[in-house]
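Q: Okay, handing you the structure first.
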Amino acid sequence: MTPADTATLIPLEAVDPAMLEAVLDRAFGPDRHARTAYRIREGMPWLPALSFAVLDTDELLVGTIQCWPIALQTKQGQVPLVMVGPVAVVPERQGEGFGVGLMSAMLEADARLAAGARGALAQVLIGDADYYGRWGFSAAMTGGWRCPGPYEPDRLLARGAALAAMPAEGMLGPWEG
């Protein structure tokens with residue numbers, strides 16, 4: 001049994017925004033706002049139904065996951081996507097399974113939404129293929145996609161049945177719905 005097995009998952013909207021920012025700063029550094037992922041989702045609110053926090057057995061906030069409505073902007077128009085991340089775990093608790101638990105919870109919630117009126121949307125993130133590959137994320141379909149800032153193409157990952165119908169080229173950015 002890992003510490004994550006006895007953790008408590010809560011909706012991210014139940015977390016004080018200052019505490020969320022503190023976890024993100026600790027996990028990614030205070031310069032995190034300059035990252036390309038922030039440009040992709042600029043001005044968008046995170047999706048409460050897919051965003052969670054995890055508390056350890058002492059009820060301390062140790063990790064969060066956020067998802068965002070974004071789109072692949074193409075010559076034919078925009079195609080909606082869900083951007084996953086940041087997935088943040090405070091440094092001293094990384095490797096204990098909290099990130100895996102947050103990803104699993106988000107994917108379960110997304111599957112429930114996809115089964116309903118929304119339908120399935122592909123998911124995209126910028127991250128480590130070795131880590132996120134366990135959930136089916138890969139760079140196989142994102143080679144013609146671009147980002148509004150620097151990124152490593154092999155770290156632009158996507159998953160989901162909807163990928164089969166996605167355009168091969170476009171620019172990732174906020175959903176303009």
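As shown in the structure tokens, the chain order sets the letters A, B, ...; within each chain, residues go from 1, and ligands are also counted from 1 in the order they appear.
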Residues of chain A classed as strand (DSSP E) by DSSP on the backbone are to be reported as a short mmCIF file (atom, residue, chain, number, x, y, z; two decimals) with N, CA and C atoms, in the first residue's frame.

A:
```cif
data_model
loop_
_atom_site.label_atom_id
_atom_site.label_comp_id
_atom_site.auth_asym_id
_atom_site.auth_seq_id
_atom_site.Cartn_x
_atom_site.Cartn_y
_atom_site.Cartn_z
N THR A 8 -6.93 11.35 0.06
CA THR A 8 -8.29 11.81 -0.18
C THR A 8 -8.30 12.70 -1.41
N LEU A 9 -9.14 12.34 -2.37
CA LEU A 9 -9.30 13.13 -3.58
C LEU A 9 -10.46 14.09 -3.38
N ILE A 10 -10.26 15.36 -3.72
CA ILE A 10 -11.31 16.36 -3.60
C ILE A 10 -11.38 17.18 -4.88
N PRO A 11 -12.52 17.82 -5.13
CA PRO A 11 -12.60 18.71 -6.29
C PRO A 11 -11.62 19.88 -6.11
N PHE A 52 -8.74 18.15 -10.01
CA PHE A 52 -8.79 17.58 -8.66
C PHE A 52 -7.58 17.97 -7.84
N ALA A 53 -7.70 17.74 -6.54
CA ALA A 53 -6.59 17.90 -5.61
C ALA A 53 -6.53 16.64 -4.76
N VAL A 54 -5.36 16.39 -4.21
CA VAL A 54 -5.20 15.22 -3.35
C VAL A 54 -4.60 15.66 -2.02
N LEU A 55 -5.21 15.14 -0.95
CA LEU A 55 -4.74 15.40 0.41
C LEU A 55 -4.14 14.12 0.96
N LEU A 61 -2.40 19.33 1.50
CA LEU A 61 -2.49 19.35 0.05
C LEU A 61 -1.13 18.96 -0.53
N VAL A 62 -1.10 17.85 -1.27
CA VAL A 62 0.17 17.37 -1.81
C VAL A 62 0.19 17.35 -3.33
N GLY A 63 -0.97 17.51 -3.99
CA GLY A 63 -0.96 17.48 -5.44
C GLY A 63 -2.25 17.97 -6.05
N THR A 64 -2.15 18.36 -7.32
CA THR A 64 -3.31 18.84 -8.06
C THR A 64 -3.20 18.43 -9.53
N ILE A 65 -4.33 18.40 -10.19
CA ILE A 65 -4.40 18.25 -11.64
C ILE A 65 -5.45 19.22 -12.15
N GLN A 66 -5.13 19.88 -13.25
CA GLN A 66 -6.07 20.78 -13.90
C GLN A 66 -6.21 20.38 -15.36
N CYS A 67 -7.40 20.58 -15.90
CA CYS A 67 -7.66 20.38 -17.32
C CYS A 67 -8.33 21.63 -17.87
N TRP A 68 -8.09 21.89 -19.15
CA TRP A 68 -8.50 23.15 -19.76
C TRP A 68 -9.15 22.93 -21.12
N PRO A 69 -10.14 23.75 -21.48
CA PRO A 69 -10.70 23.69 -22.83
C PRO A 69 -9.78 24.45 -23.78
N ILE A 70 -9.24 23.74 -24.75
CA ILE A 70 -8.40 24.39 -25.76
C ILE A 70 -8.87 23.90 -27.12
N ALA A 71 -8.18 24.33 -28.16
CA ALA A 71 -8.55 23.91 -29.50
C ALA A 71 -7.32 23.83 -30.38
N LEU A 72 -7.43 23.01 -31.40
CA LEU A 72 -6.46 22.99 -32.49
C LEU A 72 -7.04 23.92 -33.55
N GLN A 73 -6.36 25.04 -33.77
CA GLN A 73 -6.81 26.03 -34.74
C GLN A 73 -6.29 25.60 -36.11
N THR A 74 -7.21 25.39 -37.05
CA THR A 74 -6.84 24.94 -38.39
C THR A 74 -7.43 25.89 -39.44
N GLY A 77 -11.13 25.74 -39.35
CA GLY A 77 -11.78 26.12 -38.10
C GLY A 77 -11.08 25.50 -36.92
N GLN A 78 -11.72 25.55 -35.78
CA GLN A 78 -11.10 25.02 -34.57
C GLN A 78 -11.72 23.68 -34.18
N VAL A 79 -10.87 22.82 -33.64
CA VAL A 79 -11.29 21.51 -33.18
C VAL A 79 -11.06 21.46 -31.67
N PRO A 80 -12.11 21.21 -30.87
CA PRO A 80 -11.96 21.24 -29.41
C PRO A 80 -11.11 20.08 -28.89
N LEU A 81 -10.35 20.38 -27.87
CA LEU A 81 -9.50 19.42 -27.16
C LEU A 81 -9.57 19.72 -25.67
N VAL A 82 -9.10 18.78 -24.88
CA VAL A 82 -8.90 19.00 -23.46
C VAL A 82 -7.39 18.98 -23.22
N MET A 83 -6.87 20.06 -22.63
CA MET A 83 -5.46 20.09 -22.27
C MET A 83 -5.32 19.62 -20.83
N VAL A 84 -4.51 18.60 -20.63
CA VAL A 84 -4.27 18.03 -19.31
C VAL A 84 -3.01 18.67 -18.73
N GLY A 85 -3.14 19.14 -17.51
CA GLY A 85 -1.98 19.67 -16.81
C GLY A 85 -2.15 21.13 -16.48
N PRO A 86 -1.44 21.53 -15.50
CA PRO A 86 -0.35 20.80 -14.88
C PRO A 86 -0.84 19.69 -13.94
N VAL A 87 -0.05 18.64 -13.92
CA VAL A 87 -0.17 17.60 -12.90
C VAL A 87 0.97 17.90 -11.94
N ALA A 88 0.63 18.36 -10.75
CA ALA A 88 1.65 18.85 -9.81
C ALA A 88 1.61 18.07 -8.50
N VAL A 89 2.77 17.64 -8.06
CA VAL A 89 2.92 17.03 -6.75
C VAL A 89 4.11 17.72 -6.08
N GLN A 123 -7.38 14.38 -25.80
CA GLN A 123 -6.65 15.09 -24.74
C GLN A 123 -5.23 15.31 -25.20
N VAL A 124 -4.66 16.43 -24.80
CA VAL A 124 -3.29 16.78 -25.18
C VAL A 124 -2.56 17.29 -23.95
N LEU A 125 -1.25 17.09 -23.91
CA LEU A 125 -0.42 17.63 -22.85
C LEU A 125 1.00 17.77 -23.35
N ILE A 126 1.77 18.53 -22.62
CA ILE A 126 3.21 18.63 -22.87
C ILE A 126 3.87 17.93 -21.69
N TRP A 145 1.23 19.49 -35.43
CA TRP A 145 0.65 20.49 -34.56
C TRP A 145 1.75 21.43 -34.08
N ARG A 146 1.38 22.68 -33.86
CA ARG A 146 2.34 23.67 -33.37
C ARG A 146 1.83 24.29 -32.07
N LEU A 156 5.00 16.76 -26.99
CA LEU A 156 3.63 17.15 -27.28
C LEU A 156 2.85 15.86 -27.53
N LEU A 157 2.08 15.46 -26.53
CA LEU A 157 1.44 14.15 -26.51
C LEU A 157 -0.08 14.28 -26.56
N ALA A 158 -0.72 13.30 -27.17
CA ALA A 158 -2.18 13.29 -27.23
C ALA A 158 -2.69 11.86 -27.11
N ARG A 159 -3.96 11.75 -26.72
CA ARG A 159 -4.61 10.44 -26.60
C ARG A 159 -6.10 10.61 -26.88
N GLY A 170 -2.08 22.20 -37.39
CA GLY A 170 -2.80 23.29 -36.74
C GLY A 170 -1.98 23.85 -35.58
N MET A 171 -2.51 24.91 -34.99
CA MET A 171 -1.87 25.60 -33.87
C MET A 171 -2.74 25.41 -32.63
N LEU A 172 -2.14 24.98 -31.55
CA LEU A 172 -2.87 24.83 -30.30
C LEU A 172 -3.06 26.20 -29.65
N GLY A 173 -4.24 26.43 -29.10
CA GLY A 173 -4.52 27.69 -28.44
C GLY A 173 -5.83 27.61 -27.66
N PRO A 174 -6.22 28.71 -27.06
CA PRO A 174 -7.46 28.74 -26.29
C PRO A 174 -8.67 28.41 -27.17
#
```

Q: What does the distance from atom CA of Val23 of chain A to atom CA of Gln94 of chain A come to in Å, to one decimal?

A: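 If I compute the distance from atom CA of Val23 of chain A to atom CA of Gln94 of chain A, I get 12.1 Å.
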
Q: When DSSP works through the backbone of this structure, what residues of chain A end up as alpha helix (DSSP H), shown as a PyMOL selection string?

A: chain A and resi 17-28+36-40+98-115+129-132

Q: Which one is closest to Thr6 of chain A: A:Tyr38, A:Phe98, A:Phe28, A:Trp175? Count only C-alpha atoms.

A: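 Among the listed residues, A:Phe98 lies closest to Thr6 of chain A.
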
Q: Choose the residue, out of A:Gly99, A:Pro167, A:Gly160, A:Gly143, that has the smallest atom-to-atom separation from Tyr131 of chain A; count only C-alpha atoms.

A: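 Looking at the shortest contact to Tyr131 of chain A, the residue is A:Gly99.
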
Q: Return the single residue from A:Ser138, A:Thr36, A:Ser51, A:Thr2 that is closest to Ala14 of chain A, with distances computed using only C-alpha atoms.

A: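 Closest to Ala14 of chain A of all the choices is A:Ser51.
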
Q: How many Å lie between atom CA of Gly95 of chain A and atom CA of Arg134 of chain A, rounded to one decimal?

A: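 According to the coordinates, atom CA of Gly95 of chain A and atom CA of Arg134 of chain A are separated by 15.2 Å.
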